[in-house]
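Reading through the structure tokens given below for one structure.
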Amino acid sequence: MKFRTRFADDKAGRALDVTAGAPSFEATLEGVPLSGDALAVRDGVWSLVGPDGRQIEVSVAFKNDGSVRAYAAGCLFGFELLDELTARALAATGGRSTRRVAHAAAAMPGRVLRVLVAPGEKVTQGQPILVLEAMKMENEVKSPRDGVVASVEAAAGQAVSAGDVLVRFEAGGE
Amino acid sequence: MKFRTRFADDKAGRALDVTAGAPSFEATLEGVPLSGDALAVRDGVWSLVGPDGRQIEVSVAFKNDGSVRAYAAGCLFGFELLDELTARALAATGGRSTRRVAHAAAAMPGRVLRVLVAPGEKVTQGQPILVLEAMKMENEVKSPRDGVVASVEAAAGQAVSAGDVLVRFEAGGE
Amino acid sequence: MTRLLIANRGEIAIRVIRACRDLGISPVAVYSEADRAALHVRLADWAVPIGPAPARESYLVVEKLLDAAKKTGATMLHPGYGFLSENAAFARRVVEAGLTWVGPSPDSIAAMGSKTESRRRVLEAGVPIVPGMTTPARSADEIAEFGRENGFPLLLKAAAGGGGKGMRVVRSAEEVPAAFTRARSEARSYFADDAVYAELFVEHPRHVEVQVLGDTTGRIIAVGERECSLQRRHQKVLEECPSAAVGPELRARMEAVAVAAAKSVDYVSAGTVEFLLAKDGRFFFLEMNTRIQVEHPVTEMVYGVDLVTEMIRIARGEPMSLNEKPAPRGHAIQCRIYAEDPARGFAPSPGRILRLRRPQGPGIRVDSGVEGGDVVPLDYDPMIAKFVAWGRDRDEALRRMRRALSESRVDGIETSIPFFLSLLEDPDVVANRISTQFLDGWSYVPKRPPEDVAAASMVAAALESMDGAKKRRPPAAGSSGSGPGAWRTARTSFGLRE
Amino acid sequence: MTRLLIANRGEIAIRVIRACRDLGISPVAVYSEADRAALHVRLADWAVPIGPAPARESYLVVEKLLDAAKKTGATMLHPGYGFLSENAAFARRVVEAGLTWVGPSPDSIAAMGSKTESRRRVLEAGVPIVPGMTTPARSADEIAEFGRENGFPLLLKAAAGGGGKGMRVVRSAEEVPAAFTRARSEARSYFADDAVYAELFVEHPRHVEVQVLGDTTGRIIAVGERECSLQRRHQKVLEECPSAAVGPELRARMEAVAVAAAKSVDYVSAGTVEFLLAKDGRFFFLEMNTRIQVEHPVTEMVYGVDLVTEMIRIARGEPMSLNEKPAPRGHAIQCRIYAEDPARGFAPSPGRILRLRRPQGPGIRVDSGVEGGDVVPLDYDPMIAKFVAWGRDRDEALRRMRRALSESRVDGIETSIPFFLSLLEDPDVVANRISTQFLDGWSYVPKRPPEDVAAASMVAAALESMDGAKKRRPPAAGSSGSGPGAWRTARTSFGLRE
């Protein structure tokens, strides 16, 4: 099965082709052949042993935004993993990054402490628009773009989940 | 739902009638009303809080022989838990204990080290008939009854699982 | 069997439960609706629900706590840290209800709990302090005026507070009005008291504190100091015992001053006298925490004492069990493990812990409030565990702490473990060149994985996503597992050059 | 980065992995087919399969271990305990292959590894021994003859053995032939060597052993003693440091004799000299274990040393890092947690561990070979973890150990935890009235649960079995949980009278 993988700071990405799965995997990463023994220890936890004996225990989790969260050898990092068809489709449309964000969403669950903007208000990128409280910390939510507030979808005291829309922007605007 | 529960050393057993389940359970045990808050913490792990605040975390597991293994407050113990219909049917036939065992089975997984009896041989209850090895310990399997060996179902060197038949006895015999 | 109610949650509730077990006391837990399944509830003999998730509707409601004690027949109450632990009115209510309060007298708490009152008391006892307001600020103007007199930067603090909550640095008079409003708002929500005051902010000091213990015979001893300079957002994140900046002579002086401060309020129970230690070796009284501290385990490991059982013994009227002043051995370091994402600005990361591998082995102590499968609620402090490493010297303690952090694994939520792994590699931390401002100028940079780790992780993610991958699991029975597949002949990891 | 291969599995492999991490060494694991998913593999940087589950086809195969070292570039090898750890031929092969052997010299192992040879050596050094055969028995008759000369009971032991494996008591001449056959068979299967010998069996002795440490500068020190009298089937189950039966004067004599014994073979590395301590205070050399012991953590906690890192340092040719003889502090107790069912005659209980709650908190150290979700294979020793409790005195250590055991929870397999909970309530154990025969006359009686615990368990089982019960789980998101249901008004637990 063919994939494309990409670190956030890695524009091009790499082709990953898995030709044999667990327990004896075979794959190529940008043409470099990879192989070894792969064991799914638990859901999302793998132990890989290379032909030279290198052992790496990896935790992987698929996040809502399609990225992979990985923890291995004391390193916490993220990357994109797309099957090749999806990757091509995204590339054809210029990828997700070309779309202008239409709203500000909560990055974490929490309670809304204060709303700092109102519909019709002009905001600039990075301007605090709302204060969320979670785990006894106040966290400012900043505007992801320059624009004009179309609506505020959260009120002070309200509990929100990660991903909930907090503020919508007017289309186009700047 | 109606159950009968019984400790091994408790001939009569007790009637358990659960009229409301989690989270606010209500039940009677031999007529004594029981109630409280029940939370399934994990599969097989419950936290019960009584009306007076008594908190007990219980692990329960259903074993192959129909008994329940329970661990709570530092006590490891077993009991029978049968729904009422099954309990009545067993009582009508005199229960399982009246049947003469037809074989000796492995109580644990292991490897057969030595077989000490042969078909046609007379054995007495408690006589060692086989030696199993597990976790570097030799464990003698003893005959569960007086009788005559009909067949030996395991050979030295063979791996067996818990419950596997090791030796069959001739019907009737004594 | 005596019953003791713990008016707290999380790891400190469990710490007190363990002390109860060690003393043959039956522990009583309380829980909010967010904590019904919490570990501190499941480890207790008794548990009483005290209301909705927000602390002000549960853990901070005096009546509910007293009712819970009455309902379960508890005759003692331990407040832990945070919540109502330094609330003199609560302590008084507990005593009036006929319960044994496991802590200092309400008068001691009141005297030390008000930062303004405490300054007056310790000054009389000859304890040096940093210049600061002696009454709560009535207005932003009053604070600005104090700043003009004593110089900026200033620190705004909640008069009823502690533990860094509600503290703000103000670097100029212009910042005063906004900071005053914020500080008051936070003080109100954390401590139900919006009084705040200002003091001079000494640059690049260390935070060094002395553990004291007093009993009802009037004896007060000091049990060494702790180095707590590594703080983020005014919250301690890593603590050590002893402080590598404190020699025997300085230790003796700090201990003597700490005992004098404790004596100024006739202190009984475990308490902590916090000092700012300036670069020139002068030190100033900051405040006295009239409760057990989050970082008490480092003292316990080095001095071989159990501060929480001592608190309970002392509360029962017994003399402390330490006949002679305990002697230190070796060095201990604690890392506070938070449910937060270091890669996203330490954003809170509540949720279900899918898997939790806690460190163990030689020199390691863990005090954790959760286990694998538990949910970390968003309603409370994000600290989920404390890792403590002991070594014969600071170097061994550091090496063991690095090992403990590397060995750990948390899936399902993010934690500060990767942050600590980076921090403990910093040459300034290793060489003990730190101050309370050290972390202000330090940013966590996620470690880029080596190529073999990256490749292995990408392959694992691909395998995990492929159909059927989930079917292959280790054998369920206790029998020989399936062997590795045909072995490849390549001589490098996964085919990569090293 | 130096790589060190660990020729072992389970908790001791992990113990050595931790020592490697602390020293900046990269650990290499080996695994049989039964251990592909084992924790010691997943904590290592390198891992090499060495064959089928039976140890004689994997962990005991010298060639496979040497090949694994070559394949991974390991330059050091630590044998752990058991398996090939006291096999002089293996040590010699390791050295000949150009690897650094982390242990005493092959000659020391050979001298002490043969019980008959070791007696000759230590006798020359003036060490007292129990009467015993000085050459392996060639026949059952030879053993019976020895018994007639020296009196029964006798103890049959594997000449190449250790750790209680393959030992048998013979109480009369009639029992000799069958016991000889059995002992030889077991000796062959555990140690690939069927030589056995007999010695006098001293009644009701204590087993007390002294930890020694020698380095290549010729320095040999003793690091206190351990009390290991509580044994079941000749296998230690609970160990303490110090022995409550040993005072300062006796300790000094035992340490001096232990150092003399070690010097008789020019001992280098960590080792243990085992003694029988008779009721009258006389003690006899039993054997010297030329490897790290299962119970080494109690010494580490009391003396504040790290024996495994010392072994590695010494193997590298460095002097031991203990400049002065370390001083003891407090008391430590270790319980060996086995996967066995105490309620069914300690039958092995291999299988998958569904949930594992390990103890933690003040004074507790855990060295575990497994974590929750892991499978305990039937192919090896059933020890899955060691719980160690430290206290300022024996009483505090005992109380903390009881707390640790109560707090633990293992579902999926049975363990010896309930056994230890009962054992530590025995007045003779509490008062230290024990001998190596103590457990022969002690049987585990499962504790009948109190009525409220029984009722709660029956209700929980009924709820678990009812349809839909499994659907109710704690909330997955980090949000407020659902509250408790309507509260009942009854004043007793679950409606029961207490």
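Letters A, B, ... mark the chains of the structure tokens in the order given; residue numbers begin at 1 per chain; ligand numbers begin at 1, in order shown.
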Contacts of Val149 of chain B at 7 Å (only C-alpha atoms; same-chain gap of 5+ positions) as JSON, numbers by chain: {"B": [118, 119, 120, 121, 122, 167, 168, 169, 170]}
Just the selected residues (all heavy atoms), exported as a PDB file, in the first residue's frame, please.
ATOM      1  N   ALA B 118      -0.707 -46.302  32.925  1.00  0.00           N
ATOM      2  CA  ALA B 118      -0.949 -46.831  31.584  1.00  0.00           C
ATOM      3  C   ALA B 118      -2.389 -47.349  31.512  1.00  0.00           C
ATOM      4  O   ALA B 118      -3.001 -47.652  32.545  1.00  0.00           O
ATOM      5  CB  ALA B 118       0.030 -47.968  31.291  1.00  0.00           C
ATOM      6  N   PRO B 119      -2.963 -47.465  30.321  1.00  0.00           N
ATOM      7  CA  PRO B 119      -4.333 -47.976  30.186  1.00  0.00           C
ATOM      8  C   PRO B 119      -4.458 -49.337  30.863  1.00  0.00           C
ATOM      9  O   PRO B 119      -3.544 -50.171  30.800  1.00  0.00           O
ATOM     10  CB  PRO B 119      -4.527 -48.079  28.677  1.00  0.00           C
ATOM     11  CG  PRO B 119      -3.598 -47.038  28.111  1.00  0.00           C
ATOM     12  CD  PRO B 119      -2.412 -47.044  29.031  1.00  0.00           C
ATOM     13  N   GLY B 120      -5.602 -49.552  31.526  1.00  0.00           N
ATOM     14  CA  GLY B 120      -5.842 -50.821  32.207  1.00  0.00           C
ATOM     15  C   GLY B 120      -5.385 -50.821  33.652  1.00  0.00           C
ATOM     16  O   GLY B 120      -5.796 -51.675  34.442  1.00  0.00           O
ATOM     17  N   GLU B 121      -4.553 -49.814  34.017  1.00  0.00           N
ATOM     18  CA  GLU B 121      -4.001 -49.772  35.358  1.00  0.00           C
ATOM     19  C   GLU B 121      -5.049 -49.285  36.362  1.00  0.00           C
ATOM     20  O   GLU B 121      -5.804 -48.363  36.101  1.00  0.00           O
ATOM     21  CB  GLU B 121      -2.797 -48.814  35.344  1.00  0.00           C
ATOM     22  CG  GLU B 121      -1.884 -48.942  36.532  1.00  0.00           C
ATOM     23  CD  GLU B 121      -0.594 -48.129  36.343  1.00  0.00           C
ATOM     24  OE1 GLU B 121      -0.134 -47.970  35.189  1.00  0.00           O
ATOM     25  OE2 GLU B 121      -0.067 -47.650  37.357  1.00  0.00           O
ATOM     26  N   LYS B 122      -5.068 -49.948  37.536  1.00  0.00           N
ATOM     27  CA  LYS B 122      -5.952 -49.505  38.621  1.00  0.00           C
ATOM     28  C   LYS B 122      -5.304 -48.347  39.359  1.00  0.00           C
ATOM     29  O   LYS B 122      -4.113 -48.408  39.658  1.00  0.00           O
ATOM     30  CB  LYS B 122      -6.175 -50.648  39.610  1.00  0.00           C
ATOM     31  CG  LYS B 122      -7.461 -51.407  39.386  1.00  0.00           C
ATOM     32  CD  LYS B 122      -7.805 -52.227  40.622  1.00  0.00           C
ATOM     33  CE  LYS B 122      -9.107 -52.987  40.403  1.00  0.00           C
ATOM     34  NZ  LYS B 122      -9.365 -53.948  41.474  1.00  0.00           N
ATOM     35  N   VAL B 167      -6.150 -37.989  31.325  1.00  0.00           N
ATOM     36  CA  VAL B 167      -6.385 -39.434  31.502  1.00  0.00           C
ATOM     37  C   VAL B 167      -7.896 -39.651  31.585  1.00  0.00           C
ATOM     38  O   VAL B 167      -8.600 -38.890  32.268  1.00  0.00           O
ATOM     39  CB  VAL B 167      -5.709 -39.915  32.819  1.00  0.00           C
ATOM     40  CG1 VAL B 167      -6.198 -41.317  33.201  1.00  0.00           C
ATOM     41  CG2 VAL B 167      -4.189 -39.900  32.675  1.00  0.00           C
ATOM     42  N   ARG B 168      -8.401 -40.691  30.855  1.00  0.00           N
ATOM     43  CA  ARG B 168      -9.825 -41.033  30.971  1.00  0.00           C
ATOM     44  C   ARG B 168      -9.953 -42.309  31.798  1.00  0.00           C
ATOM     45  O   ARG B 168      -9.088 -43.186  31.745  1.00  0.00           O
ATOM     46  CB  ARG B 168     -10.446 -41.278  29.587  1.00  0.00           C
ATOM     47  CG  ARG B 168     -10.515 -40.025  28.755  1.00  0.00           C
ATOM     48  CD  ARG B 168     -11.293 -40.244  27.456  1.00  0.00           C
ATOM     49  NE  ARG B 168     -11.048 -39.137  26.531  1.00  0.00           N
ATOM     50  CZ  ARG B 168     -11.664 -37.949  26.620  1.00  0.00           C
ATOM     51  NH1 ARG B 168     -12.563 -37.737  27.568  1.00  0.00           N
ATOM     52  NH2 ARG B 168     -11.375 -36.988  25.769  1.00  0.00           N
ATOM     53  N   PHE B 169     -11.060 -42.399  32.546  1.00  0.00           N
ATOM     54  CA  PHE B 169     -11.296 -43.586  33.359  1.00  0.00           C
ATOM     55  C   PHE B 169     -12.365 -44.446  32.722  1.00  0.00           C
ATOM     56  O   PHE B 169     -13.233 -43.949  31.992  1.00  0.00           O
ATOM     57  CB  PHE B 169     -11.729 -43.173  34.777  1.00  0.00           C
ATOM     58  CG  PHE B 169     -10.681 -42.346  35.479  1.00  0.00           C
ATOM     59  CD1 PHE B 169     -10.823 -40.979  35.637  1.00  0.00           C
ATOM     60  CD2 PHE B 169      -9.516 -42.946  35.959  1.00  0.00           C
ATOM     61  CE1 PHE B 169      -9.852 -40.224  36.253  1.00  0.00           C
ATOM     62  CE2 PHE B 169      -8.536 -42.184  36.586  1.00  0.00           C
ATOM     63  CZ  PHE B 169      -8.702 -40.833  36.731  1.00  0.00           C
ATOM     64  N   GLU B 170     -12.311 -45.731  33.035  1.00  0.00           N
ATOM     65  CA  GLU B 170     -13.379 -46.621  32.549  1.00  0.00           C
ATOM     66  C   GLU B 170     -14.665 -46.275  33.285  1.00  0.00           C
ATOM     67  O   GLU B 170     -14.649 -45.881  34.439  1.00  0.00           O
ATOM     68  CB  GLU B 170     -12.980 -48.078  32.784  1.00  0.00           C
ATOM     69  CG  GLU B 170     -11.855 -48.481  31.828  1.00  0.00           C
ATOM     70  CD  GLU B 170     -11.473 -49.950  31.940  1.00  0.00           C
ATOM     71  OE1 GLU B 170     -12.121 -50.659  32.736  1.00  0.00           O
ATOM     72  OE2 GLU B 170     -10.537 -50.354  31.248  1.00  0.00           O
TER      73      GLU B 170
END
Spatial neighbours of Ser465 of chain D, max dist 12 Å, only C-alpha atoms, sep filter under 5 positions, as JSON, numbers by chain: {"B": [1, 2, 3, 18, 21, 22, 40, 43, 44, 60, 61, 62, 66, 68, 81, 82, 83], "D": [458, 459, 460, 470, 471]}
Excluding Thr217 of chain D and residues on its chain fewer than 6 positions from it, collect all residues at most 10 Å away from it, counting only C-alpha atoms, and give them as a PDB file with all heavy atoms, in the first residue's frame.
ATOM      1  N   VAL D 268      36.140 -10.566  42.300  1.00  0.00           N
ATOM      2  CA  VAL D 268      35.907  -9.248  41.687  1.00  0.00           C
ATOM      3  C   VAL D 268      34.452  -9.203  41.262  1.00  0.00           C
ATOM      4  O   VAL D 268      33.948 -10.179  40.730  1.00  0.00           O
ATOM      5  CB  VAL D 268      36.847  -9.070  40.465  1.00  0.00           C
ATOM      6  CG1 VAL D 268      36.378  -7.924  39.583  1.00  0.00           C
ATOM      7  CG2 VAL D 268      38.280  -8.849  40.925  1.00  0.00           C
ATOM      8  N   ILE D 314      33.076  -1.842  37.610  1.00  0.00           N
ATOM      9  CA  ILE D 314      34.182  -2.726  37.971  1.00  0.00           C
ATOM     10  C   ILE D 314      34.607  -3.570  36.770  1.00  0.00           C
ATOM     11  O   ILE D 314      35.800  -3.778  36.524  1.00  0.00           O
ATOM     12  CB  ILE D 314      33.773  -3.604  39.176  1.00  0.00           C
ATOM     13  CG1 ILE D 314      33.658  -2.731  40.443  1.00  0.00           C
ATOM     14  CG2 ILE D 314      34.761  -4.757  39.387  1.00  0.00           C
ATOM     15  CD1 ILE D 314      32.946  -3.403  41.599  1.00  0.00           C
ATOM     16  N   GLY D 317      36.996  -2.123  34.581  1.00  0.00           N
ATOM     17  CA  GLY D 317      38.338  -1.951  35.142  1.00  0.00           C
ATOM     18  C   GLY D 317      38.454  -0.768  36.083  1.00  0.00           C
ATOM     19  O   GLY D 317      39.529  -0.482  36.607  1.00  0.00           O
ATOM     20  N   GLU D 318      37.315  -0.052  36.310  1.00  0.00           N
ATOM     21  CA  GLU D 318      37.362   1.087  37.227  1.00  0.00           C
ATOM     22  C   GLU D 318      37.300   0.595  38.663  1.00  0.00           C
ATOM     23  O   GLU D 318      36.725  -0.451  38.947  1.00  0.00           O
ATOM     24  CB  GLU D 318      36.174   2.018  36.966  1.00  0.00           C
ATOM     25  CG  GLU D 318      36.148   2.559  35.536  1.00  0.00           C
ATOM     26  CD  GLU D 318      34.802   3.191  35.189  1.00  0.00           C
ATOM     27  OE1 GLU D 318      34.078   3.607  36.111  1.00  0.00           O
ATOM     28  OE2 GLU D 318      34.476   3.227  33.994  1.00  0.00           O
ATOM     29  N   PRO D 319      37.856   1.362  39.613  1.00  0.00           N
ATOM     30  CA  PRO D 319      37.649   0.998  41.020  1.00  0.00           C
ATOM     31  C   PRO D 319      36.187   1.245  41.386  1.00  0.00           C
ATOM     32  O   PRO D 319      35.511   2.065  40.753  1.00  0.00           O
ATOM     33  CB  PRO D 319      38.566   1.952  41.785  1.00  0.00           C
ATOM     34  CG  PRO D 319      38.833   3.090  40.850  1.00  0.00           C
ATOM     35  CD  PRO D 319      38.693   2.555  39.448  1.00  0.00           C
ATOM     36  N   MET D 320      35.695   0.537  42.386  1.00  0.00           N
ATOM     37  CA  MET D 320      34.319   0.772  42.806  1.00  0.00           C
ATOM     38  C   MET D 320      34.164   2.221  43.243  1.00  0.00           C
ATOM     39  O   MET D 320      35.122   2.849  43.692  1.00  0.00           O
ATOM     40  CB  MET D 320      33.927  -0.184  43.934  1.00  0.00           C
ATOM     41  CG  MET D 320      34.673   0.007  45.246  1.00  0.00           C
ATOM     42  SD  MET D 320      34.154  -1.206  46.512  1.00  0.00           S
ATOM     43  CE  MET D 320      35.181  -2.622  46.117  1.00  0.00           C
TER      44      MET D 320
END
Coordinates-based distance that separates atom CA of Met135 of chain A from atom CA of Ser189 of chain C (Å, one decimal): 12.6 Å
Selection: 12 Å around Ser161 of chain A, only C-alpha atoms, excl. self and same-chain fewer than 4 positions, as a PyMOL selection string: (chain A and resi 105-112+132-134+154+165-166) or (chain C and resi 349-351+378) or (chain D and resi 477-480)
Picked from segment 151-288 of chain D by DSSP as strand (DSSP E or B), as JSON, numbers by chain: {"D": [154, 155, 156, 157, 158, 168, 169, 170, 196, 197, 198, 199, 200, 206, 207, 208, 209, 210, 211, 212, 213, 214, 220, 221, 222, 223, 224, 225, 226, 227, 228, 229, 230, 231, 232, 235, 236, 237, 238, 239, 240, 241, 269, 270, 271, 272, 273, 274, 275, 276, 277, 283, 284, 285, 286, 287, 288]}
Distance filter 8 Å, only C-alpha atoms, chain A against chain D, as a list in words: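 That gives Leu39, Val41, Arg42, Ser47, Val49, Asp52, Gly53, Arg54, Gln55, Ile56, Glu57 and Pro109 of chain A for chain A.
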May I have the residues from that selection written out with N, CA, C and O atoms, as a PDB file, in the first residue's frame?
ATOM      1  N   LEU A  39       5.578  -5.942  15.525  1.00  0.00           N
ATOM      2  CA  LEU A  39       4.602  -6.560  16.416  1.00  0.00           C
ATOM      3  C   LEU A  39       3.688  -5.472  16.981  1.00  0.00           C
ATOM      4  O   LEU A  39       4.170  -4.491  17.543  1.00  0.00           O
ATOM      5  N   VAL A  41       1.872  -4.448  19.784  1.00  0.00           N
ATOM      6  CA  VAL A  41       1.872  -4.810  21.207  1.00  0.00           C
ATOM      7  C   VAL A  41       0.505  -4.529  21.817  1.00  0.00           C
ATOM      8  O   VAL A  41      -0.016  -5.310  22.610  1.00  0.00           O
ATOM      9  N   ARG A  42      -0.046  -3.369  21.506  1.00  0.00           N
ATOM     10  CA  ARG A  42      -1.397  -2.973  21.906  1.00  0.00           C
ATOM     11  C   ARG A  42      -1.961  -2.180  20.734  1.00  0.00           C
ATOM     12  O   ARG A  42      -1.224  -1.860  19.800  1.00  0.00           O
ATOM     13  N   SER A  47       6.171  -2.617  18.310  1.00  0.00           N
ATOM     14  CA  SER A  47       7.587  -2.859  18.530  1.00  0.00           C
ATOM     15  C   SER A  47       8.169  -3.296  17.195  1.00  0.00           C
ATOM     16  O   SER A  47       7.748  -4.294  16.616  1.00  0.00           O
ATOM     17  N   VAL A  49      11.647  -4.370  15.109  1.00  0.00           N
ATOM     18  CA  VAL A  49      13.030  -4.833  15.254  1.00  0.00           C
ATOM     19  C   VAL A  49      13.626  -4.951  13.859  1.00  0.00           C
ATOM     20  O   VAL A  49      13.099  -5.679  13.025  1.00  0.00           O
ATOM     21  N   ASP A  52      19.275  -5.540  11.825  1.00  0.00           N
ATOM     22  CA  ASP A  52      20.492  -5.432  12.632  1.00  0.00           C
ATOM     23  C   ASP A  52      20.190  -5.503  14.128  1.00  0.00           C
ATOM     24  O   ASP A  52      21.093  -5.368  14.947  1.00  0.00           O
ATOM     25  N   GLY A  53      18.902  -5.679  14.484  1.00  0.00           N
ATOM     26  CA  GLY A  53      18.537  -5.797  15.884  1.00  0.00           C
ATOM     27  C   GLY A  53      18.029  -4.514  16.516  1.00  0.00           C
ATOM     28  O   GLY A  53      17.607  -4.522  17.672  1.00  0.00           O
ATOM     29  N   ARG A  54      18.034  -3.398  15.795  1.00  0.00           N
ATOM     30  CA  ARG A  54      17.564  -2.138  16.384  1.00  0.00           C
ATOM     31  C   ARG A  54      16.093  -2.298  16.753  1.00  0.00           C
ATOM     32  O   ARG A  54      15.275  -2.639  15.897  1.00  0.00           O
ATOM     33  N   GLN A  55      15.773  -2.040  18.039  1.00  0.00           N
ATOM     34  CA  GLN A  55      14.405  -2.151  18.525  1.00  0.00           C
ATOM     35  C   GLN A  55      13.858  -0.777  18.860  1.00  0.00           C
ATOM     36  O   GLN A  55      14.508  -0.010  19.580  1.00  0.00           O
ATOM     37  N   ILE A  56      12.686  -0.483  18.340  1.00  0.00           N
ATOM     38  CA  ILE A  56      12.054   0.798  18.649  1.00  0.00           C
ATOM     39  C   ILE A  56      10.587   0.527  18.971  1.00  0.00           C
ATOM     40  O   ILE A  56       9.885  -0.128  18.203  1.00  0.00           O
ATOM     41  N   GLU A  57      10.161   0.997  20.140  1.00  0.00           N
ATOM     42  CA  GLU A  57       8.763   0.884  20.509  1.00  0.00           C
ATOM     43  C   GLU A  57       8.087   2.213  20.178  1.00  0.00           C
ATOM     44  O   GLU A  57       8.510   3.268  20.645  1.00  0.00           O
ATOM     45  N   PRO A 109     -10.466  21.453  25.197  1.00  0.00           N
ATOM     46  CA  PRO A 109     -11.710  21.631  25.934  1.00  0.00           C
ATOM     47  C   PRO A 109     -11.504  22.648  27.058  1.00  0.00           C
ATOM     48  O   PRO A 109     -10.386  22.822  27.530  1.00  0.00           O
TER      49      PRO A 109
END
All residues 10 Å or closer to segment 354-359 of chain D, only C-alpha atoms, same chain fewer than 3 positions away omitted, as a VMD selection string: (chain B and resid 42 to 45 59) or (chain C and resid 358 360 366 to 367 371 to 373) or (chain D and resid 351 362 364 to 368 370 to 375 385 387 to 389 401 403 to 413)
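Running DSSP on the backbone gives helix (DSSP H, G or I) for these residues within segment 10-172 of chain A: Glu84, Leu85, Thr86, Ala87, Arg88, Ala89, Leu90, Ala91, Ala92, Arg96, Ser97 and Thr98 of chain A.
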Exercise: Asp306 of chain C partners within 12 Å, only C-alpha atoms, chain neighbours under 6 positions left out, as a ChimeraX atom specification: /C:15-16,18-20,22-23,213,223,270,292,296-300,312-313,320-322,326 /D:361-363,390-392,396-397,400
Residue neighbourhood Val94 of chain C, 10 Å, only C-alpha atoms, exclusion window fewer than 5 positions, as number ranges by chain: C: 62-63, 65-66, 69, 75-77, 88-89, 99-102, 106
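Proximity of C:Ala195, C:Ala462, C:Ala327, C:Leu238 to chain D, computed with only C-alpha atoms, is greatest for C:Ala327.
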